[in-house]
Amino acid sequence: MDPCQTPLPPRAIEGLRLFNAGKYFEAHEELETAWNEERGAIRSLYQGILQAAVTYLHMQRLNYAGAVKVYGRCMKLLRPWPAVCCGVNVAKLRADVTRAADAWKQLGADNVAAMDWSLLKPVEWDEP
């Protein structure tokens with residue numbers, strides 16, 4: 001069975017809801033639980049989304065190096081997935097996180113307080 005055709009488990013759903021509410025730490029916690037409970041390949045999608053949440057969390061905390069480092073991990077995990085998987089618009093998530101990370105890097109470590117916070121976009125997904 002195609003892993004992208006499986007429904008999201010409750011912890012992943014809660015993680016996405018928290019992510020979209022801007023509660024990135026809490027989103028990370030829920031998605032990490034979903035990732036740890038999953039044994040199939042889809043677990044790397046959950047891990048990629050949680051790394052996106054951690055990227056945004058580091059940005060909120062003005063942690064330049066942390067955001068750049070976790071962004072790289074995030075993209076490695078999200079890159080292999082199709083445009084839409086389990087109802088999650090993975091292509092848009094990749095593009096949104098990349099746009100935010102590019103702006104972050106352009107600012108440089110000394111200017112991150114000037115970040116355009118509107119670049120931290122929610123995850124688009126088919127909420128049940």
# chains A, B, ... in the order shown; residues from 1 in each chain; ligands from 1
call {"tool": "residues_around", "arguments": {"residues": "stretch 111-124 of chain A", "least_positions_apart": "3", "cutoff": "10 Å", "atoms": "only C-alpha atoms", "output": "PyMOL selection string"}}
result
chain A and resi 16-22+49+52-53+55-57+59-64+84+87-101+103-108+127
call {"tool": "select_by_dssp", "arguments": {"residues": "chain A", "states": "alpha helix (DSSP H)", "output": "JSON, numbers by chain"}}
result
{"A": [10, 11, 12, 13, 14, 15, 16, 17, 18, 19, 20, 24, 25, 26, 27, 28, 29, 30, 31, 32, 33, 34, 35, 36, 37, 43, 44, 45, 46, 47, 48, 49, 50, 51, 52, 53, 54, 55, 56, 57, 58, 59, 60, 64, 65, 66, 67, 68, 69, 70, 71, 72, 73, 74, 75, 76, 77, 78, 90, 91, 92, 93, 94, 95, 96, 97, 98, 99, 100, 101, 102, 103, 104, 105, 106, 107]}
call {"tool": "closest_atom_pairs", "arguments": {"of": "stretch 74-108 of chain A", "to": "stretch 39-43 of chain A", "cutoff": "12 Å", "atoms": "only C-alpha atoms", "output": "JSON lines"}}
result
{"residue": "A:Leu77", "atom": "CA", "partner": "A:Arg43", "partner_atom": "CA", "distance": 9.8}
{"residue": "A:Leu78", "atom": "CA", "partner": "A:Ile42", "partner_atom": "CA", "distance": 10.7}
{"residue": "A:Pro80", "atom": "CA", "partner": "A:Ile42", "partner_atom": "CA", "distance": 10.9}
{"residue": "A:Trp81", "atom": "CA", "partner": "A:Ile42", "partner_atom": "CA", "distance": 9.2}
{"residue": "A:Pro82", "atom": "CA", "partner": "A:Ile42", "partner_atom": "CA", "distance": 11.6}
{"residue": "A:Cys85", "atom": "CA", "partner": "A:Ile42", "partner_atom": "CA", "distance": 9.1}
{"residue": "A:Cys86", "atom": "CA", "partner": "A:Ile42", "partner_atom": "CA", "distance": 9.0}
{"residue": "A:Val88", "atom": "CA", "partner": "A:Ile42", "partner_atom": "CA", "distance": 11.9}
call {"tool": "write_last_selection", "arguments": {"atoms": "N, CA and C atoms", "output": "mmCIF file, in the first residue's frame"}}
result
data_model
loop_
_atom_site.group_PDB
_atom_site.id
_atom_site.type_symbol
_atom_site.label_atom_id
_atom_site.label_comp_id
_atom_site.auth_asym_id
_atom_site.auth_seq_id
_atom_site.Cartn_x
_atom_site.Cartn_y
_atom_site.Cartn_z
ATOM 1 N N LEU A 77 14.607 15.442 4.779
ATOM 2 C CA LEU A 77 13.494 14.552 5.114
ATOM 3 C C LEU A 77 12.279 14.781 4.228
ATOM 4 N N LEU A 78 12.006 16.017 3.851
ATOM 5 C CA LEU A 78 10.815 16.319 3.061
ATOM 6 C C LEU A 78 11.019 16.126 1.558
ATOM 7 N N PRO A 80 12.152 13.785 -0.475
ATOM 8 C CA PRO A 80 11.727 12.576 -1.201
ATOM 9 C C PRO A 80 10.218 12.400 -1.349
ATOM 10 N N TRP A 81 9.420 13.108 -0.596
ATOM 11 C CA TRP A 81 7.977 12.885 -0.600
ATOM 12 C C TRP A 81 7.316 13.589 -1.770
ATOM 13 N N PRO A 82 6.229 12.999 -2.295
ATOM 14 C CA PRO A 82 5.520 13.644 -3.408
ATOM 15 C C PRO A 82 4.882 14.958 -2.970
ATOM 16 N N CYS A 85 0.946 14.204 0.271
ATOM 17 C CA CYS A 85 1.064 12.895 0.923
ATOM 18 C C CYS A 85 0.232 12.928 2.198
ATOM 19 N N CYS A 86 -0.630 11.947 2.357
ATOM 20 C CA CYS A 86 -1.519 11.871 3.531
ATOM 21 C C CYS A 86 -2.348 13.145 3.690
ATOM 22 N N VAL A 88 -1.314 16.097 3.163
ATOM 23 C CA VAL A 88 -0.436 17.224 3.471
ATOM 24 C C VAL A 88 0.165 17.750 2.171
#
call {"tool": "closest_residue", "arguments": {"among": "A:Pro128, A:Leu50, A:Lys69, A:Glu26", "to": "A:Pro9", "atoms": "only C-alpha atoms"}}
result
A:Pro128
call {"tool": "select_by_dssp", "arguments": {"residues": "chain A", "states": "strand (DSSP E or B)", "output": "MDAnalysis selection string"}}
result
chainID A and resid 84:85 88:89 125
call {"tool": "write_last_selection", "arguments": {"atoms": "N, CA, C and O atoms", "output": "PDB file, in the first residue's frame"}}
result
ATOM      1  N   VAL A  84       1.860  15.907  -2.603  1.00  0.00           N
ATOM      2  CA  VAL A  84       0.824  15.730  -1.591  1.00  0.00           C
ATOM      3  C   VAL A  84       0.935  14.321  -1.046  1.00  0.00           C
ATOM      4  O   VAL A  84       1.037  13.357  -1.808  1.00  0.00           O
ATOM      5  N   CYS A  85       0.946  14.204   0.271  1.00  0.00           N
ATOM      6  CA  CYS A  85       1.064  12.895   0.923  1.00  0.00           C
ATOM      7  C   CYS A  85       0.232  12.928   2.198  1.00  0.00           C
ATOM      8  O   CYS A  85       0.371  13.854   3.002  1.00  0.00           O
ATOM      9  N   VAL A  88      -1.314  16.097   3.163  1.00  0.00           N
ATOM     10  CA  VAL A  88      -0.436  17.224   3.471  1.00  0.00           C
ATOM     11  C   VAL A  88       0.165  17.750   2.171  1.00  0.00           C
ATOM     12  O   VAL A  88       0.708  16.975   1.373  1.00  0.00           O
ATOM     13  N   ASN A  89       0.083  19.055   1.953  1.00  0.00           N
ATOM     14  CA  ASN A  89       0.686  19.676   0.782  1.00  0.00           C
ATOM     15  C   ASN A  89       2.187  19.836   1.069  1.00  0.00           C
ATOM     16  O   ASN A  89       2.644  20.889   1.514  1.00  0.00           O
ATOM     17  N   TRP A 125      -3.193  21.212   4.665  1.00  0.00           N
ATOM     18  CA  TRP A 125      -3.527  19.786   4.687  1.00  0.00           C
ATOM     19  C   TRP A 125      -5.033  19.622   4.742  1.00  0.00           C
ATOM     20  O   TRP A 125      -5.759  20.549   5.084  1.00  0.00           O
TER      21      TRP A 125
END
call {"tool": "residues_around", "arguments": {"residues": "A:Val54", "least_positions_apart": "4", "cutoff": "7 Å", "atoms": "only C-alpha atoms", "output": "list in words"}}
result
Tyr24, Phe25, His28, Leu50, His58 and Val70 of chain A
call {"tool": "residues_around", "arguments": {"residues": "A:Gln47", "least_positions_apart": "6", "cutoff": "8 Å", "atoms": "only C-alpha atoms", "output": "PyMOL selection string"}}
result
chain A and resi 31-32+35+74+77
call {"tool": "decode", "arguments": {"residues": "stretch 8-113 of chain A", "atoms": "C-alpha atoms", "output": "mmCIF file, in the first residue's frame"}}
result
data_model
loop_
_atom_site.group_PDB
_atom_site.id
_atom_site.type_symbol
_atom_site.label_atom_id
_atom_site.label_comp_id
_atom_site.auth_asym_id
_atom_site.auth_seq_id
_atom_site.Cartn_x
_atom_site.Cartn_y
_atom_site.Cartn_z
ATOM 1 C CA LEU A 8 -2.729 10.562 9.588
ATOM 2 C CA PRO A 9 -2.709 9.251 13.158
ATOM 3 C CA PRO A 10 -4.250 11.419 15.902
ATOM 4 C CA ARG A 11 -0.868 12.632 17.226
ATOM 5 C CA ALA A 12 0.207 13.810 13.759
ATOM 6 C CA ILE A 13 -3.143 15.568 13.302
ATOM 7 C CA GLU A 14 -2.722 17.334 16.636
ATOM 8 C CA GLY A 15 0.848 18.245 15.675
ATOM 9 C CA LEU A 16 -0.370 19.868 12.456
ATOM 10 C CA ARG A 17 -3.060 21.781 14.324
ATOM 11 C CA LEU A 18 -0.504 23.061 16.822
ATOM 12 C CA PHE A 19 1.924 23.949 14.011
ATOM 13 C CA ASN A 20 -0.796 25.979 12.312
ATOM 14 C CA ALA A 21 -1.572 27.723 15.600
ATOM 15 C CA GLY A 22 2.076 28.836 15.785
ATOM 16 C CA LYS A 23 2.774 26.549 18.747
ATOM 17 C CA TYR A 24 5.921 25.095 17.239
ATOM 18 C CA PHE A 25 7.373 23.512 20.366
ATOM 19 C CA GLU A 26 4.119 21.732 21.144
ATOM 20 C CA ALA A 27 3.756 20.718 17.476
ATOM 21 C CA HIS A 28 7.223 19.207 17.631
ATOM 22 C CA GLU A 29 6.280 17.180 20.701
ATOM 23 C CA GLU A 30 3.128 15.720 19.121
ATOM 24 C CA LEU A 31 4.814 14.997 15.795
ATOM 25 C CA GLU A 32 7.759 13.402 17.572
ATOM 26 C CA THR A 33 5.362 11.067 19.360
ATOM 27 C CA ALA A 34 3.711 10.178 16.024
ATOM 28 C CA TRP A 35 7.167 9.606 14.515
ATOM 29 C CA ASN A 36 8.265 7.379 17.405
ATOM 30 C CA GLU A 37 5.042 5.341 17.279
ATOM 31 C CA GLU A 38 5.220 4.785 13.499
ATOM 32 C CA ARG A 39 7.214 1.868 12.091
ATOM 33 C CA GLY A 40 6.590 2.464 8.375
ATOM 34 C CA ALA A 41 8.366 4.729 5.903
ATOM 35 C CA ILE A 42 5.835 7.512 6.492
ATOM 36 C CA ARG A 43 7.566 8.249 9.760
ATOM 37 C CA SER A 44 10.164 10.330 7.897
ATOM 38 C CA LEU A 45 7.368 12.614 6.672
ATOM 39 C CA TYR A 46 6.329 13.224 10.280
ATOM 40 C CA GLN A 47 9.963 13.845 11.174
ATOM 41 C CA GLY A 48 10.324 16.326 8.305
ATOM 42 C CA ILE A 49 7.268 18.273 9.412
ATOM 43 C CA LEU A 50 8.483 18.338 13.007
ATOM 44 C CA GLN A 51 11.850 19.632 11.789
ATOM 45 C CA ALA A 52 9.975 22.431 9.974
ATOM 46 C CA ALA A 53 8.332 23.281 13.307
ATOM 47 C CA VAL A 54 11.735 23.305 15.013
ATOM 48 C CA THR A 55 13.143 25.534 12.261
ATOM 49 C CA TYR A 56 10.384 28.056 12.937
ATOM 50 C CA LEU A 57 10.858 27.693 16.698
ATOM 51 C CA HIS A 58 14.567 28.512 16.379
ATOM 52 C CA MET A 59 13.645 31.527 14.273
ATOM 53 C CA GLN A 60 11.191 32.737 16.921
ATOM 54 C CA ARG A 61 13.937 32.380 19.514
ATOM 55 C CA LEU A 62 16.344 34.306 17.234
ATOM 56 C CA ASN A 63 18.672 31.292 17.102
ATOM 57 C CA TYR A 64 20.302 31.852 13.721
ATOM 58 C CA ALA A 65 22.590 28.806 13.628
ATOM 59 C CA GLY A 66 19.934 26.470 15.016
ATOM 60 C CA ALA A 67 17.384 27.503 12.384
ATOM 61 C CA VAL A 68 19.867 27.085 9.533
ATOM 62 C CA LYS A 69 21.020 23.679 10.779
ATOM 63 C CA VAL A 70 17.543 22.254 11.354
ATOM 64 C CA TYR A 71 16.302 23.658 8.029
ATOM 65 C CA GLY A 72 18.896 21.508 6.251
ATOM 66 C CA ARG A 73 17.697 18.394 8.086
ATOM 67 C CA CYS A 74 14.089 19.305 7.369
ATOM 68 C CA MET A 75 14.667 19.521 3.628
ATOM 69 C CA LYS A 76 16.519 16.182 3.509
ATOM 70 C CA LEU A 77 13.494 14.552 5.114
ATOM 71 C CA LEU A 78 10.815 16.319 3.061
ATOM 72 C CA ARG A 79 12.521 16.237 -0.345
ATOM 73 C CA PRO A 80 11.727 12.576 -1.201
ATOM 74 C CA TRP A 81 7.977 12.885 -0.600
ATOM 75 C CA PRO A 82 5.520 13.644 -3.408
ATOM 76 C CA ALA A 83 3.755 16.991 -3.678
ATOM 77 C CA VAL A 84 0.824 15.730 -1.591
ATOM 78 C CA CYS A 85 1.064 12.895 0.923
ATOM 79 C CA CYS A 86 -1.519 11.871 3.531
ATOM 80 C CA GLY A 87 -3.425 15.016 2.606
ATOM 81 C CA VAL A 88 -0.436 17.224 3.471
ATOM 82 C CA ASN A 89 0.686 19.676 0.782
ATOM 83 C CA VAL A 90 4.358 18.733 1.115
ATOM 84 C CA ALA A 91 5.410 20.765 -1.938
ATOM 85 C CA LYS A 92 3.986 23.953 -0.426
ATOM 86 C CA LEU A 93 5.543 23.188 2.963
ATOM 87 C CA ARG A 94 8.964 22.728 1.334
ATOM 88 C CA ALA A 95 8.537 25.992 -0.589
ATOM 89 C CA ASP A 96 7.293 27.930 2.444
ATOM 90 C CA VAL A 97 10.048 26.753 4.771
ATOM 91 C CA THR A 98 12.652 27.411 2.080
ATOM 92 C CA ARG A 99 11.321 30.948 1.515
ATOM 93 C CA ALA A 100 11.523 31.650 5.257
ATOM 94 C CA ALA A 101 15.000 30.102 5.533
ATOM 95 C CA ASP A 102 16.271 32.091 2.551
ATOM 96 C CA ALA A 103 15.046 35.330 4.124
ATOM 97 C CA TRP A 104 16.588 34.263 7.438
ATOM 98 C CA LYS A 105 19.977 33.559 5.851
ATOM 99 C CA GLN A 106 19.868 36.815 3.906
ATOM 100 C CA LEU A 107 19.391 38.741 7.153
ATOM 101 C CA GLY A 108 22.421 37.119 8.745
ATOM 102 C CA ALA A 109 22.972 36.270 12.385
ATOM 103 C CA ASP A 110 23.167 39.893 13.518
ATOM 104 C CA ASN A 111 19.889 41.006 11.948
ATOM 105 C CA VAL A 112 17.411 38.196 12.605
ATOM 106 C CA ALA A 113 15.180 40.415 14.731
#
